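Asker: The structure's right below; bear with me while I get my questions together.
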Amino acid sequence: MHIADFVAGSIAGACGVSVGYPLDTVKVRIQTQKQFTGIWQCVTATFSKEGASGFFKGMALPVTTISITSSVVFGTYRNCLQCLAQLRGGPGCSNSKLDVFLSGMVGGVAQISVMSPGDIVKVRLQCQTESTRGRPSPPRPRYSGPVHCLLSIVREEGVLGLYRGALPLMLRDGPSFATYFLTYNTMCEWMTRSGKAGPEWNGVMLAGGVAGMAGWTVGTPMDVIKARLQMDGARETRRYRGFFHCVAETLRLEGAGIFFRSLGINCLRAFPVNMVVFVTYELLVGHLRAKPDAVDPSLDRNLPCHWNTEPSFDSPEDRQGLVGNTSVRVRRMATTKITNE
């Protein structure tokens, strides 16, 4: 089992949340509240009414949960690749693009059980627009913080209330992560020059950013439905009887364009977030795999540790890269030079 991927994925996910959270707040409000008509209008209205802190409502819990879910995604993905390679013909067999796609989908679905409770808390806190600025008797927000919100949902809606919107979340993240990893894999291969172990750092950043945008392009329609189901009944009487009713009512009342209303901000947020995620992930996983006690030495011996170093393989298995390349690449990329270079 590749433990390094779980650890590196966890830290990379937390870094990504920190970078993208303000735009995520704007995205959620545009999706769920008709008073916000566009990105800039939402940004200015939020800042003027709530200040900078309005963009960070509910961030504490997502930092924790996203760290866990990102760990699950990357760890599950990498281990699925290994299992598929063994099924295809043993340790020396490389992964196909289909393996990458399927492993990404499994990783995306696997994290739902962990992600859903934190995600509904995040969405509900982000949609609290009450402000205390310059008002002697401001309206009191329904939730005072992440823990209060979590406990309130359990008390009022039961434990299953924490999984409201889990179906569209699964339909969003399965295809989205499959596209995400496949795009990153393909772009890294395109940008790896002949005789090099992997792309330059700017190539990794570009591949990560574009992969994030591709994933959100696929996932945005279900993200809209997910957010609406999670907010349904939080402030008013419940409008939707379930997933299919929500899709039908949204389409009937607002048209098909509503499903891509937040695509622009999703892509705007996805590029820097996933650029940071993949750079952090590559740095950490390369460092962790460089330690002899970090993994099974039979799987990672003679690991090259520099982006531009000639690849050195001791076994056919060492030719598989981060995203299950079909071409000959090193298993991991990092910034430290090989010690005996």
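Residues are named by chain letter and number: chains run A, B, ... in the order of the structure tokens, numbers start at 1 in each chain, and ligands are numbered from 1 in the order shown.
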So that I can check the surroundings of range 30-42 of chain A, please list as a PyMOL selection string every protein, DNA and RNA residue that reaches within 12 Å of it, counting only C-alpha atoms and ignoring chain neighbours fewer than 4 positions away.

Answerer: chain A and resi 22-26+46-50+54-55+123-124+126-129+220-232+234-235+250+254+257-266+268-269

Asker: Considering only C-alpha atoms, tabulate each residue of range 183-216 of chain A that lies at most 12 Å from range 282-287 of chain A along with its nearest interatomic pair and the corresponding distance in Å to one decimal; arrange the rows by chain and ascending residue number and present them as CSV.

Answerer:
residue,atom,partner,partner_atom,distance
A:Gly198,CA,A:Glu282,CA,11.1
A:Pro199,CA,A:Glu282,CA,11.6
A:Glu200,CA,A:Glu282,CA,11.8
A:Trp201,CA,A:Glu282,CA,9.9
A:Val204,CA,A:Glu282,CA,8.8
A:Met205,CA,A:Glu282,CA,10.5
A:Gly208,CA,A:Glu282,CA,10.7

Asker: Skip Thr76 in chain A itself and residues of its chain fewer than 3 positions away, then list as a list in words all residues within 8 Å of it, counting only C-alpha atoms.

Answerer: Val72, Val73, Asn79, Cys80, Ser103, Val106, Gly107 and Ala110 of chain A

Asker: Write to file, as a tab-separated table (two decimals), in the first residue's frame, the residues of the selection just made, with N, CA, C and O atoms.

Answerer:
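Here's the written file out_33.tsv:
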chain	number	residue	atom	x	y	z
A	72	VAL	N	-7.90	10.55	1.16
A	72	VAL	CA	-8.62	9.38	0.65
A	72	VAL	C	-8.57	9.33	-0.88
A	72	VAL	O	-8.33	8.28	-1.47
A	73	VAL	N	-8.76	10.48	-1.52
A	73	VAL	CA	-8.77	10.54	-2.99
A	73	VAL	C	-7.43	10.10	-3.57
A	73	VAL	O	-7.36	9.19	-4.40
A	79	ASN	N	-3.48	3.50	-5.07
A	79	ASN	CA	-3.55	2.08	-4.78
A	79	ASN	C	-4.43	1.33	-5.78
A	79	ASN	O	-4.18	0.16	-6.07
A	80	CYS	N	-5.45	2.01	-6.31
A	80	CYS	CA	-6.26	1.40	-7.38
A	80	CYS	C	-5.41	1.18	-8.63
A	80	CYS	O	-5.53	0.14	-9.30
A	103	SER	N	-9.55	4.71	-11.83
A	103	SER	CA	-8.98	4.92	-10.50
A	103	SER	C	-9.36	6.28	-9.95
A	103	SER	O	-9.65	6.42	-8.75
A	106	VAL	N	-13.00	6.04	-8.79
A	106	VAL	CA	-13.10	5.33	-7.51
A	106	VAL	C	-12.65	6.23	-6.36
A	106	VAL	O	-13.30	6.27	-5.30
A	107	GLY	N	-11.56	6.95	-6.56
A	107	GLY	CA	-11.08	7.87	-5.53
A	107	GLY	C	-12.10	8.95	-5.21
A	107	GLY	O	-12.31	9.30	-4.04
A	110	ALA	N	-15.05	7.35	-3.28
A	110	ALA	CA	-14.65	6.83	-1.96
A	110	ALA	C	-14.66	7.90	-0.88
A	110	ALA	O	-14.91	7.59	0.29

Asker: Can you pull out the residues contacting range 8-15 of chain A? Cut-off 6 Å, using only C-alpha atoms, and skip same-chain residues under 4 positions away; I want them as a PyMOL selection string.

Answerer: chain A and resi 63+66-68+70-71+74+277+280-281+284-285

Asker: Next, dump the selected residues to file, keeping only N, CA, C and O atoms, as a PDB file, in the first residue's frame.

Answerer:
ATOM      1  N   VAL A  63     -11.288  22.729   6.283  1.00  0.00           N
ATOM      2  CA  VAL A  63      -9.844  22.501   6.260  1.00  0.00           C
ATOM      3  C   VAL A  63      -9.523  21.113   6.799  1.00  0.00           C
ATOM      4  O   VAL A  63      -8.671  20.398   6.260  1.00  0.00           O
ATOM      5  N   ILE A  66     -11.445  18.391   4.322  1.00  0.00           N
ATOM      6  CA  ILE A  66     -10.814  18.292   3.002  1.00  0.00           C
ATOM      7  C   ILE A  66      -9.450  17.633   3.100  1.00  0.00           C
ATOM      8  O   ILE A  66      -9.023  16.912   2.199  1.00  0.00           O
ATOM      9  N   SER A  67      -8.751  17.856   4.213  1.00  0.00           N
ATOM     10  CA  SER A  67      -7.476  17.164   4.420  1.00  0.00           C
ATOM     11  C   SER A  67      -7.690  15.656   4.413  1.00  0.00           C
ATOM     12  O   SER A  67      -6.921  14.908   3.802  1.00  0.00           O
ATOM     13  N   ILE A  68      -8.767  15.228   5.076  1.00  0.00           N
ATOM     14  CA  ILE A  68      -9.059  13.791   5.127  1.00  0.00           C
ATOM     15  C   ILE A  68      -9.510  13.284   3.761  1.00  0.00           C
ATOM     16  O   ILE A  68      -9.036  12.252   3.274  1.00  0.00           O
ATOM     17  N   SER A  70      -9.055  14.566   0.763  1.00  0.00           N
ATOM     18  CA  SER A  70      -7.986  14.612  -0.225  1.00  0.00           C
ATOM     19  C   SER A  70      -7.020  13.448  -0.031  1.00  0.00           C
ATOM     20  O   SER A  70      -6.520  12.861  -0.995  1.00  0.00           O
ATOM     21  N   SER A  71      -6.774  13.110   1.234  1.00  0.00           N
ATOM     22  CA  SER A  71      -5.944  11.940   1.537  1.00  0.00           C
ATOM     23  C   SER A  71      -6.581  10.675   0.973  1.00  0.00           C
ATOM     24  O   SER A  71      -5.906   9.838   0.359  1.00  0.00           O
ATOM     25  N   PHE A  74      -6.349  10.757  -3.128  1.00  0.00           N
ATOM     26  CA  PHE A  74      -5.032  10.459  -3.689  1.00  0.00           C
ATOM     27  C   PHE A  74      -4.567   9.056  -3.314  1.00  0.00           C
ATOM     28  O   PHE A  74      -3.978   8.344  -4.138  1.00  0.00           O
ATOM     29  N   VAL A 277      -2.207  22.379  -5.158  1.00  0.00           N
ATOM     30  CA  VAL A 277      -2.406  20.993  -4.706  1.00  0.00           C
ATOM     31  C   VAL A 277      -1.368  20.062  -5.321  1.00  0.00           C
ATOM     32  O   VAL A 277      -0.709  19.291  -4.614  1.00  0.00           O
ATOM     33  N   THR A 280       2.329  20.881  -4.247  1.00  0.00           N
ATOM     34  CA  THR A 280       2.530  20.420  -2.866  1.00  0.00           C
ATOM     35  C   THR A 280       2.594  18.906  -2.799  1.00  0.00           C
ATOM     36  O   THR A 280       3.452  18.320  -2.128  1.00  0.00           O
ATOM     37  N   TYR A 281       1.687  18.265  -3.507  1.00  0.00           N
ATOM     38  CA  TYR A 281       1.635  16.800  -3.509  1.00  0.00           C
ATOM     39  C   TYR A 281       2.924  16.203  -4.065  1.00  0.00           C
ATOM     40  O   TYR A 281       3.504  15.280  -3.469  1.00  0.00           O
ATOM     41  N   LEU A 284       5.865  16.676  -1.592  1.00  0.00           N
ATOM     42  CA  LEU A 284       5.785  15.847  -0.397  1.00  0.00           C
ATOM     43  C   LEU A 284       5.950  14.368  -0.699  1.00  0.00           C
ATOM     44  O   LEU A 284       6.656  13.656   0.010  1.00  0.00           O
ATOM     45  N   VAL A 285       5.280  13.898  -1.749  1.00  0.00           N
ATOM     46  CA  VAL A 285       5.351  12.466  -2.030  1.00  0.00           C
ATOM     47  C   VAL A 285       6.754  12.071  -2.483  1.00  0.00           C
ATOM     48  O   VAL A 285       7.239  10.979  -2.175  1.00  0.00           O
TER      49      VAL A 285
END

Asker: Hey, which of A:Pro175, A:Gly158, A:Gly203, A:Pro272 ends up closest to Gly104 in chain A? Count only C-alpha atoms.

Answerer: A:Pro175

Asker: Check range 67-305 of chain A with DSSP on the backbone and list each residue it calls alpha helix (DSSP H), as number ranges by chain.

Answerer: A: 67-89, 97-110, 112-126, 146-157, 166-191, 201-231, 243-254, 263-289

Asker: Would you mind telling me which residue in A:Arg238, A:Val7, A:Asp99, A:Gly165 lies nearest to Leu87 in chain A when using only C-alpha atoms?

Answerer: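 Using only C-alpha atoms, Leu87 in chain A sits closest to A:Asp99.
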
Asker: Which value, in Å to one decimal, gives the distance between CA of Leu171 in chain A and CA of Gly215 in chain A?

Answerer: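 CA of Leu171 in chain A sits 12.2 Å away from CA of Gly215 in chain A.
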